[in-house]
2 protein chains.
Amino acid sequence: MVTRREVAEQAGVSPSTVSRVINNNGYVAEDVRKRIEAAIAELNYIPNRAAQNLRMKSYKQIACLTPSISNPFYSEMFAGIEEMALEKGYSLSLYNITKERRNYLRQVVEGPYDGMILLAPYELSSIMDFNKGALKMPLSVYWDRPEKADIPHVFVDMEKVMRQSVEYLIESGHKEIIYLGHYDENQANPRYKGYKDAMKAQGVPIKEYYKKSIGTYEDKLTVGYDAIKVLLGNGQPFTAVAATNDSLAAGAIRAIIESGKKVPDDISVIGVDNIELAKIVTPTLTTMNIPKIEIGRLLVKQLLDQIHNERKMERNIEGEVTLIERESVKKN
Amino acid sequence: MVTRREVAEQAGVSPSTVSRVINNNGYVAEDVRKRIEAAIAELNYIPNRAAQNLRMKSYKQIACLTPSISNPFYSEMFAGIEEMALEKGYSLSLYNITKERRNYLRQVVEGPYDGMILLAPYELSSIMDFNKGALKMPLSVYWDRPEKADIPHVFVDMEKVMRQSVEYLIESGHKEIIYLGHYDENQANPRYKGYKDAMKAQGVPIKEYYKKSIGTYEDKLTVGYDAIKVLLGNGQPFTAVAATNDSLAAGAIRAIIESGKKVPDDISVIGVDNIELAKIVTPTLTTMNIPKIEIGRLLVKQLLDQIHNERKMERNIEGEVTLIERESVKKN
DNA sequence: CGCTAATGTGGTCACGTAACCATAACTTAC
DNA sequence: GTAAGTTATGGTTACGTGACCACATTAGCG
């Protein structure tokens, strides 16, 4: 390994002067600078990162935790995170934190990171346990609702989003609207609440909903397909499906088409997320766009604000959701 | 920040003794160990990672470079990489290296990593440029053919895979088989070569192929759809499609079904990769399984063998590919 | 000319750790 | 009883860096 000292010897100066060239501060004569730069190039010198970290008390690294990077929603958000982080000179460690892998959390929290971004709300309590006392590390979380607890986060109010989605269907003339998504009476799922509120507000009776617990992302396409297939088999009458995400919606479309009905002429489908899939399915999917790239960038910004002790940091940032009208909803 | 010294004072011993407890080497009296462990817990002491890295001359971190983590092929491979890396006590930094982001390569190579895994062959030359002389860092590459150059890699021989895929179609009674994938006469694309050889060997005339350059993963579903739609519109007669990956195959299926024909009764489709999508489309996709998790694990193993100077490291490891028969190919 | 400021360079130190060496007390063995 | 080992602990050092201080030398200015 080449050190600063060797570069200094090669250039016939002291290590201090080499430092000044590298960090570009203090006075250095022009010819000396040239000599040192030549020595650096010749010896292929790279500053030792561990020594820098130790001296600067900073790693220039961020840990990013997600339940599954193969979920396109998270991988797109990660793209935004990466973009901003690289711009700011930070690099990213990625962890897929599944339930079986909780025991690696300690390794993450004790790792060489200046801060942590969390894309999975369900792990929050475990993280907070670790993140007490001396373990405390700046943290920024993506959340699906405004958070009461005092954790800096970027959120999308899913209750509102679902309400808007259902309102759009109602405005388009639909009355018999299926809720396709996870449902849990006790947890008061915000997505279900949004659906229910929109239906009630318009005096539309809540017809049906799908409440089977939903597994990984990969399952979702199957789950949406299976659920709608069952409902169609039951002879359940409905003209629209409001899915809580695009993967479920895509599965629903597949089930409807397979049954011989047409989307959107017979049954309309709306999703949430606007992942790439939404542009690819036939018909293309009308959905609520969640600005994933922008949210990713905001998460990094919020985290770096904490790391750098910015006073004007926003603790609760709301992502702006917009309706993307494509082909899967029929307007009467 | 709590240091080893403070723990030592709290426990009434010297820092050396604390080290011995933490690293679990040397002699420590049982009661002293207890006292020290109590002090560590009370003060929430965590060894400083930067100091450890400096002292040990190792980061316990691996950089993983891929063209796009949102490509399910790579994200599944990443899952295997992560699994093995965490087992071995290493964590992973992930970089999406797109063309515009080449200038970040230097940042990667100079980063706090003990080694590098590369999932994108096309970047190899840039990496090798950086990876000369003092910059040299252990490297392990996933490649789609046996590599002549002396770079440790895990590979799948795509020429062979494609040949097997086409042979399977021919054995199933097909003669008019469309090659759906990237094609470039000059580059002698191994996938296309495999297709061509299989066709020739069976005396089947090469009927047609799709040669438009293919962009990102997200494009592929559209590209496959568009290409087959054009061919069907042309009245081009064919009974089977051999796609170079599952995404293209899925697009093809969509185009065929939309045209009113049936898969596999009218037209059979086979893919390569066996990503999750293959199980989800209707009909489910017959494809060549590439053992992505296993390849990921092997890449890490191979890399760590280099880092630890294992003598018995294998430089060229071949991944074993198998046919997965599902519903999209009709056998006559 | 003489005083202050600007420019240029080298020396020293601490960051927190793991490895090594020194030392001391206590065992064991003959 | 003493030499050799075992157990237990503390002290010292180096890893490579960036910040700081000390000290030259030169430039600017009345």
# chains A, B, ... in the order shown; residues from 1 in each chain; ligands from 1
>>> residues_around(residues="segment 7-16 of chain C", least_positions_apart="2", cutoff="9 Å", atoms="only C-alpha atoms (C1' of nucleotides)", output="PDB file with N, CA, C and O atoms (P, O5', C5', C4', C3', O3' and C1' of nucleotides), in the first residue's frame")
ATOM      1  N   VAL A  13       9.346  16.264  -0.723  1.00  0.00           N
ATOM      2  CA  VAL A  13       8.730  17.235   0.199  1.00  0.00           C
ATOM      3  C   VAL A  13       8.277  16.505   1.457  1.00  0.00           C
ATOM      4  O   VAL A  13       8.519  15.308   1.595  1.00  0.00           O
ATOM      5  N   SER A  14       7.627  17.207   2.351  1.00  0.00           N
ATOM      6  CA  SER A  14       7.132  16.564   3.569  1.00  0.00           C
ATOM      7  C   SER A  14       5.694  16.098   3.360  1.00  0.00           C
ATOM      8  O   SER A  14       4.989  16.614   2.504  1.00  0.00           O
ATOM      9  N   PRO A  15       5.294  15.132   4.152  1.00  0.00           N
ATOM     10  CA  PRO A  15       3.909  14.647   4.038  1.00  0.00           C
ATOM     11  C   PRO A  15       2.883  15.760   4.182  1.00  0.00           C
ATOM     12  O   PRO A  15       1.829  15.719   3.546  1.00  0.00           O
ATOM     13  N   SER A  16       3.164  16.721   4.998  1.00  0.00           N
ATOM     14  CA  SER A  16       2.217  17.819   5.194  1.00  0.00           C
ATOM     15  C   SER A  16       1.901  18.512   3.882  1.00  0.00           C
ATOM     16  O   SER A  16       0.741  18.857   3.602  1.00  0.00           O
ATOM     17  N   THR A  17       2.937  18.731   3.094  1.00  0.00           N
ATOM     18  CA  THR A  17       2.738  19.423   1.821  1.00  0.00           C
ATOM     19  C   THR A  17       1.888  18.585   0.876  1.00  0.00           C
ATOM     20  O   THR A  17       1.028  19.109   0.159  1.00  0.00           O
ATOM     21  N   GLY A  26      -4.413  25.653   2.110  1.00  0.00           N
ATOM     22  CA  GLY A  26      -3.084  26.165   2.457  1.00  0.00           C
ATOM     23  C   GLY A  26      -2.300  26.557   1.221  1.00  0.00           C
ATOM     24  O   GLY A  26      -2.797  26.459   0.094  1.00  0.00           O
ATOM     25  N   TYR A  27      -1.101  27.003   1.431  1.00  0.00           N
ATOM     26  CA  TYR A  27      -0.269  27.490   0.332  1.00  0.00           C
ATOM     27  C   TYR A  27       0.661  26.398  -0.179  1.00  0.00           C
ATOM     28  O   TYR A  27       1.295  25.689   0.595  1.00  0.00           O
ATOM     29  N   VAL A  28       0.708  26.255  -1.506  1.00  0.00           N
ATOM     30  CA  VAL A  28       1.655  25.342  -2.124  1.00  0.00           C
ATOM     31  C   VAL A  28       2.200  26.011  -3.385  1.00  0.00           C
ATOM     32  O   VAL A  28       1.422  26.534  -4.203  1.00  0.00           O
ATOM     33  N   ALA A  29       3.520  26.023  -3.533  1.00  0.00           N
ATOM     34  CA  ALA A  29       4.118  26.617  -4.735  1.00  0.00           C
ATOM     35  C   ALA A  29       3.715  25.794  -5.955  1.00  0.00           C
ATOM     36  O   ALA A  29       3.554  24.569  -5.870  1.00  0.00           O
ATOM     37  N   ALA A  51      -8.161   5.525   7.491  1.00  0.00           N
ATOM     38  CA  ALA A  51      -7.492   6.584   8.239  1.00  0.00           C
ATOM     39  C   ALA A  51      -8.275   7.890   8.140  1.00  0.00           C
ATOM     40  O   ALA A  51      -8.441   8.614   9.126  1.00  0.00           O
ATOM     41  N   LEU A  54     -11.300   7.679  10.332  1.00  0.00           N
ATOM     42  CA  LEU A  54     -10.943   7.810  11.745  1.00  0.00           C
ATOM     43  C   LEU A  54     -10.682   9.267  12.090  1.00  0.00           C
ATOM     44  O   LEU A  54     -11.177   9.789  13.089  1.00  0.00           O
ATOM     45  N   ARG A  55      -9.905   9.889  11.240  1.00  0.00           N
ATOM     46  CA  ARG A  55      -9.546  11.281  11.503  1.00  0.00           C
ATOM     47  C   ARG A  55     -10.763  12.210  11.431  1.00  0.00           C
ATOM     48  O   ARG A  55     -10.951  13.086  12.267  1.00  0.00           O
ATOM     49  N   MET A  56     -11.581  12.002  10.401  1.00  0.00           N
ATOM     50  CA  MET A  56     -12.700  12.921  10.152  1.00  0.00           C
ATOM     51  C   MET A  56     -13.952  12.547  10.951  1.00  0.00           C
ATOM     52  O   MET A  56     -14.944  13.268  10.915  1.00  0.00           O
ATOM     53  N   LYS A  57     -13.906  11.425  11.585  1.00  0.00           N
ATOM     54  CA  LYS A  57     -15.085  10.952  12.322  1.00  0.00           C
ATOM     55  C   LYS A  57     -16.324  10.933  11.430  1.00  0.00           C
ATOM     56  O   LYS A  57     -17.395  11.437  11.799  1.00  0.00           O
TER      57      LYS A  57
ATOM     58  N   THR B   3     -15.420   5.310  24.083  1.00  0.00           N
ATOM     59  CA  THR B   3     -14.261   4.559  23.608  1.00  0.00           C
ATOM     60  C   THR B   3     -13.933   3.419  24.570  1.00  0.00           C
ATOM     61  O   THR B   3     -14.470   3.334  25.666  1.00  0.00           O
ATOM     62  N   ARG B   4     -13.022   2.632  24.114  1.00  0.00           N
ATOM     63  CA  ARG B   4     -12.574   1.496  24.908  1.00  0.00           C
ATOM     64  C   ARG B   4     -12.013   1.952  26.253  1.00  0.00           C
ATOM     65  O   ARG B   4     -12.174   1.298  27.278  1.00  0.00           O
ATOM     66  N   ARG B   5     -11.356   3.102  26.212  1.00  0.00           N
ATOM     67  CA  ARG B   5     -10.743   3.661  27.431  1.00  0.00           C
ATOM     68  C   ARG B   5     -11.805   3.922  28.508  1.00  0.00           C
ATOM     69  O   ARG B   5     -11.613   3.625  29.683  1.00  0.00           O
ATOM     70  N   PRO B  47     -17.390  -0.679  19.302  1.00  0.00           N
ATOM     71  CA  PRO B  47     -16.032  -0.453  18.783  1.00  0.00           C
ATOM     72  C   PRO B  47     -16.077   0.468  17.566  1.00  0.00           C
ATOM     73  O   PRO B  47     -16.974   0.339  16.729  1.00  0.00           O
ATOM     74  N   ASN B  48     -15.155   1.375  17.491  1.00  0.00           N
ATOM     75  CA  ASN B  48     -15.105   2.294  16.364  1.00  0.00           C
ATOM     76  C   ASN B  48     -14.652   1.569  15.098  1.00  0.00           C
ATOM     77  O   ASN B  48     -13.551   1.033  15.033  1.00  0.00           O
ATOM     78  N   ARG B  49     -15.511   1.613  14.121  1.00  0.00           N
ATOM     79  CA  ARG B  49     -15.272   0.836  12.920  1.00  0.00           C
ATOM     80  C   ARG B  49     -14.083   1.368  12.119  1.00  0.00           C
ATOM     81  O   ARG B  49     -13.324   0.604  11.521  1.00  0.00           O
ATOM     82  N   ALA B  50     -13.937   2.680  12.103  1.00  0.00           N
ATOM     83  CA  ALA B  50     -12.844   3.277  11.329  1.00  0.00           C
ATOM     84  C   ALA B  50     -11.499   2.861  11.914  1.00  0.00           C
ATOM     85  O   ALA B  50     -10.564   2.511  11.180  1.00  0.00           O
ATOM     86  N   ALA B  51     -11.405   2.885  13.228  1.00  0.00           N
ATOM     87  CA  ALA B  51     -10.154   2.492  13.875  1.00  0.00           C
ATOM     88  C   ALA B  51      -9.861   1.014  13.621  1.00  0.00           C
ATOM     89  O   ALA B  51      -8.718   0.635  13.351  1.00  0.00           O
ATOM     90  N   GLN B  52     -10.895   0.214  13.691  1.00  0.00           N
ATOM     91  CA  GLN B  52     -10.716  -1.212  13.401  1.00  0.00           C
ATOM     92  C   GLN B  52     -10.217  -1.411  11.973  1.00  0.00           C
ATOM     93  O   GLN B  52      -9.279  -2.154  11.726  1.00  0.00           O
TER      94      GLN B  52
ATOM     95  P    DC D  20      -7.950  23.156  13.050  1.00  0.00           P
ATOM     96  O5'  DC D  20      -6.577  23.483  13.790  1.00  0.00           O
ATOM     97  C5'  DC D  20      -6.170  22.665  14.875  1.00  0.00           C
ATOM     98  C4'  DC D  20      -4.689  22.819  15.099  1.00  0.00           C
ATOM     99  C3'  DC D  20      -4.182  24.267  15.031  1.00  0.00           C
ATOM    100  O3'  DC D  20      -3.779  24.668  16.329  1.00  0.00           O
ATOM    101  C1'  DC D  20      -2.715  22.749  13.929  1.00  0.00           C
ATOM    102  P    DC D  21      -3.378  26.204  16.603  1.00  0.00           P
ATOM    103  O5'  DC D  21      -1.791  26.098  16.689  1.00  0.00           O
ATOM    104  C5'  DC D  21      -1.197  25.016  17.412  1.00  0.00           C
ATOM    105  C4'  DC D  21       0.292  24.999  17.141  1.00  0.00           C
ATOM    106  C3'  DC D  21       0.942  26.382  17.116  1.00  0.00           C
ATOM    107  O3'  DC D  21       2.101  26.350  17.932  1.00  0.00           O
ATOM    108  C1'  DC D  21       1.469  25.190  15.138  1.00  0.00           C
ATOM    109  P    DA D  22       2.928  27.710  18.222  1.00  0.00           P
ATOM    110  O5'  DA D  22       4.262  27.428  17.389  1.00  0.00           O
ATOM    111  C5'  DA D  22       4.880  26.160  17.478  1.00  0.00           C
ATOM    112  C4'  DA D  22       6.068  26.117  16.536  1.00  0.00           C
ATOM    113  C3'  DA D  22       6.857  27.423  16.465  1.00  0.00           C
ATOM    114  O3'  DA D  22       8.246  27.111  16.464  1.00  0.00           O
ATOM    115  C1'  DA D  22       6.098  26.842  14.296  1.00  0.00           C
ATOM    116  P    DC D  23       9.367  28.260  16.746  1.00  0.00           P
ATOM    117  O5'  DC D  23       9.937  28.497  15.282  1.00  0.00           O
ATOM    118  C5'  DC D  23      10.375  27.375  14.536  1.00  0.00           C
ATOM    119  C4'  DC D  23      10.377  27.718  13.080  1.00  0.00           C
ATOM    120  C3'  DC D  23      11.105  29.028  12.719  1.00  0.00           C
ATOM    121  O3'  DC D  23      12.202  28.706  11.902  1.00  0.00           O
ATOM    122  C1'  DC D  23       9.130  28.748  11.474  1.00  0.00           C
ATOM    123  P    DA D  24      13.538  29.544  11.981  1.00  0.00           P
ATOM    124  O5'  DA D  24      14.015  29.399  10.477  1.00  0.00           O
ATOM    125  C5'  DA D  24      13.639  30.438   9.623  1.00  0.00           C
ATOM    126  C4'  DA D  24      13.201  29.893   8.317  1.00  0.00           C
ATOM    127  C3'  DA D  24      13.570  30.869   7.218  1.00  0.00           C
ATOM    128  O3'  DA D  24      14.310  30.217   6.229  1.00  0.00           O
ATOM    129  C1'  DA D  24      11.208  30.436   7.241  1.00  0.00           C
ATOM    130  P    DT D  25      15.462  31.088   5.515  1.00  0.00           P
ATOM    131  O5'  DT D  25      14.671  31.783   4.319  1.00  0.00           O
ATOM    132  C5'  DT D  25      13.908  30.966   3.432  1.00  0.00           C
ATOM    133  C4'  DT D  25      12.821  31.783   2.786  1.00  0.00           C
ATOM    134  C3'  DT D  25      13.301  33.102   2.148  1.00  0.00           C
ATOM    135  O3'  DT D  25      13.217  32.961   0.748  1.00  0.00           O
ATOM    136  C1'  DT D  25      11.191  33.304   3.245  1.00  0.00           C
ATOM    137  P    DT D  26      13.859  34.045  -0.220  1.00  0.00           P
ATOM    138  O5'  DT D  26      12.568  34.892  -0.624  1.00  0.00           O
ATOM    139  C5'  DT D  26      11.439  34.248  -1.193  1.00  0.00           C
ATOM    140  C4'  DT D  26      10.249  35.172  -1.145  1.00  0.00           C
ATOM    141  C3'  DT D  26      10.470  36.545  -1.806  1.00  0.00           C
ATOM    142  O3'  DT D  26       9.550  36.676  -2.880  1.00  0.00           O
ATOM    143  C1'  DT D  26       9.347  36.746   0.269  1.00  0.00           C
ATOM    144  P    DA D  27       9.567  37.943  -3.817  1.00  0.00           P
ATOM    145  O5'  DA D  27       8.337  38.787  -3.249  1.00  0.00           O
ATOM    146  C5'  DA D  27       7.080  38.156  -3.093  1.00  0.00           C
ATOM    147  C4'  DA D  27       6.060  39.150  -2.576  1.00  0.00           C
ATOM    148  C3'  DA D  27       6.105  40.521  -3.247  1.00  0.00           C
ATOM    149  O3'  DA D  27       4.770  40.897  -3.535  1.00  0.00           O
ATOM    150  C1'  DA D  27       6.360  40.773  -0.894  1.00  0.00           C
TER     151       DA D  27
END
>>> select_by_dssp(residues="segment 199-272 of chain A", states="strand (DSSP E)", output="count of residues only")
12
>>> select_by_dssp(residues="segment 120-190 of chain B", states="helix (DSSP H, G or I)", output="VMD selection string")
chain B and resid 121 to 130 133 to 135 158 to 171 190
>>> residues_around(residues="Pro283 of chain A", least_positions_apart="6", cutoff="9 Å", atoms="only C-alpha atoms (C1' of nucleotides)", output="VMD selection string")
chain A and resid 253 263 to 264 326 to 328
>>> write_last_selection(atoms="N, CA and C atoms", output="mmCIF file, in the first residue's frame")
data_model
loop_
_atom_site.group_PDB
_atom_site.id
_atom_site.type_symbol
_atom_site.label_atom_id
_atom_site.label_comp_id
_atom_site.auth_asym_id
_atom_site.auth_seq_id
_atom_site.Cartn_x
_atom_site.Cartn_y
_atom_site.Cartn_z
ATOM 1 N N ILE A 253 -56.292 -7.255 -13.698
ATOM 2 C CA ILE A 253 -56.530 -7.098 -15.143
ATOM 3 C C ILE A 253 -56.411 -8.443 -15.846
ATOM 4 N N VAL A 263 -61.346 -4.875 -20.189
ATOM 5 C CA VAL A 263 -60.907 -3.734 -19.378
ATOM 6 C C VAL A 263 -60.575 -2.597 -20.342
ATOM 7 N N PRO A 264 -61.166 -1.413 -20.184
ATOM 8 C CA PRO A 264 -62.050 -1.003 -19.103
ATOM 9 C C PRO A 264 -63.532 -1.098 -19.425
ATOM 10 N N ARG A 326 -54.564 6.625 -17.614
ATOM 11 C CA ARG A 326 -54.182 5.826 -18.782
ATOM 12 C C ARG A 326 -55.435 5.137 -19.309
ATOM 13 N N GLU A 327 -55.348 3.865 -19.620
ATOM 14 C CA GLU A 327 -56.468 3.255 -20.353
ATOM 15 C C GLU A 327 -57.397 2.372 -19.524
ATOM 16 N N SER A 328 -57.049 2.094 -18.279
ATOM 17 C CA SER A 328 -57.766 1.021 -17.583
ATOM 18 C C SER A 328 -59.035 1.459 -16.846
#
>>> interface_residues(of="chain D", to="chain B", cutoff="8 Å", atoms="only C-alpha atoms (C1' of nucleotides)", output="ChimeraX atom specification")
/D:7-10,15-16
>>> write_last_selection(atoms="C-alpha atoms (C1' of nucleotides)", output="mmCIF file, in the first residue's frame")
data_model
loop_
_atom_site.group_PDB
_atom_site.id
_atom_site.type_symbol
_atom_site.label_atom_id
_atom_site.label_comp_id
_atom_site.auth_asym_id
_atom_site.auth_seq_id
_atom_site.Cartn_x
_atom_site.Cartn_y
_atom_site.Cartn_z
ATOM 1 C "C1'" DT D 7 -3.158 -17.505 34.236
ATOM 2 C "C1'" DA D 8 -4.055 -12.683 34.461
ATOM 3 C "C1'" DT D 9 -3.196 -7.837 33.595
ATOM 4 C "C1'" DG D 10 -1.091 -3.429 32.036
ATOM 5 C "C1'" DC D 15 -1.903 1.842 11.400
ATOM 6 C "C1'" DG D 16 -2.409 6.742 7.783
#
>>> residues_around(residues="Glu37 of chain A", least_positions_apart="3", cutoff="9 Å", atoms="only C-alpha atoms (C1' of nucleotides)", output="JSON, numbers by chain")
{"A": [11, 18, 21, 22, 32, 33, 34, 40, 41, 42]}
>>> write_last_selection(atoms="N, CA, C and O atoms", output="PDB file, in the first residue's frame")
ATOM      1  N   ALA A  11       8.449  12.960  -4.121  1.00  0.00           N
ATOM      2  CA  ALA A  11       8.410  14.340  -4.611  1.00  0.00           C
ATOM      3  C   ALA A  11       9.428  15.227  -3.903  1.00  0.00           C
ATOM      4  O   ALA A  11       9.582  16.402  -4.242  1.00  0.00           O
ATOM      5  N   VAL A  18       2.085  17.290   0.915  1.00  0.00           N
ATOM      6  CA  VAL A  18       1.255  16.405   0.098  1.00  0.00           C
ATOM      7  C   VAL A  18      -0.201  16.533   0.515  1.00  0.00           C
ATOM      8  O   VAL A  18      -1.100  16.653  -0.328  1.00  0.00           O
ATOM      9  N   VAL A  21      -1.801  19.549  -0.930  1.00  0.00           N
ATOM     10  CA  VAL A  21      -2.159  19.395  -2.339  1.00  0.00           C
ATOM     11  C   VAL A  21      -3.450  18.594  -2.471  1.00  0.00           C
ATOM     12  O   VAL A  21      -4.375  18.985  -3.182  1.00  0.00           O
ATOM     13  N   ILE A  22      -3.507  17.499  -1.759  1.00  0.00           N
ATOM     14  CA  ILE A  22      -4.664  16.620  -1.880  1.00  0.00           C
ATOM     15  C   ILE A  22      -5.946  17.307  -1.429  1.00  0.00           C
ATOM     16  O   ILE A  22      -6.969  17.245  -2.104  1.00  0.00           O
ATOM     17  N   VAL A  32       5.965  22.870  -6.992  1.00  0.00           N
ATOM     18  CA  VAL A  32       5.901  21.776  -6.010  1.00  0.00           C
ATOM     19  C   VAL A  32       4.613  20.982  -6.201  1.00  0.00           C
ATOM     20  O   VAL A  32       4.609  19.746  -6.198  1.00  0.00           O
ATOM     21  N   ARG A  33       3.537  21.710  -6.399  1.00  0.00           N
ATOM     22  CA  ARG A  33       2.246  21.046  -6.632  1.00  0.00           C
ATOM     23  C   ARG A  33       2.350  20.098  -7.824  1.00  0.00           C
ATOM     24  O   ARG A  33       1.917  18.949  -7.754  1.00  0.00           O
ATOM     25  N   LYS A  34       2.924  20.559  -8.896  1.00  0.00           N
ATOM     26  CA  LYS A  34       3.097  19.725 -10.091  1.00  0.00           C
ATOM     27  C   LYS A  34       3.894  18.455  -9.761  1.00  0.00           C
ATOM     28  O   LYS A  34       3.508  17.354 -10.140  1.00  0.00           O
ATOM     29  N   ILE A  40       1.976  11.378  -7.196  1.00  0.00           N
ATOM     30  CA  ILE A  40       0.718  10.691  -6.886  1.00  0.00           C
ATOM     31  C   ILE A  40       0.311   9.797  -8.051  1.00  0.00           C
ATOM     32  O   ILE A  40      -0.034   8.632  -7.877  1.00  0.00           O
ATOM     33  N   ALA A  41       0.389  10.359  -9.247  1.00  0.00           N
ATOM     34  CA  ALA A  41       0.003   9.602 -10.431  1.00  0.00           C
ATOM     35  C   ALA A  41       0.935   8.413 -10.643  1.00  0.00           C
ATOM     36  O   ALA A  41       0.491   7.302 -10.905  1.00  0.00           O
ATOM     37  N   GLU A  42       2.215   8.663 -10.489  1.00  0.00           N
ATOM     38  CA  GLU A  42       3.189   7.609 -10.763  1.00  0.00           C
ATOM     39  C   GLU A  42       3.051   6.446  -9.788  1.00  0.00           C
ATOM     40  O   GLU A  42       3.125   5.286 -10.175  1.00  0.00           O
TER      41      GLU A  42
END
>>> atom_distance(atom1="atom CA of Glu294 of chain A", atom2="atom CA of Ile81 of chain A")
8.5 Å
>>> atom_distance(atom1="atom CA of Asn96 of chain B", atom2="atom CA of Ala120 of chain B")
9.8 Å
>>> closest_residue(among="C:DA18, C:DC30, C:DA6, C:DC1", to="chain A", atoms="only C-alpha atoms (C1' of nucleotides)")
C:DA6
>>> interface_residues(of="chain B", to="chain A", cutoff="9 Å", atoms="only C-alpha atoms", output="PyMOL selection string")
chain B and resi 1-2+43-55+57-59+63+69-72+74-76+79+82+86+89+91-96+104+107-108+110-112+132-135+218-219+221-222+251+254+258+276-277+280-282
>>> atom_distance(atom1="atom CA of Arg191 of chain B", atom2="atom CA of Val156 of chain B")
11.2 Å
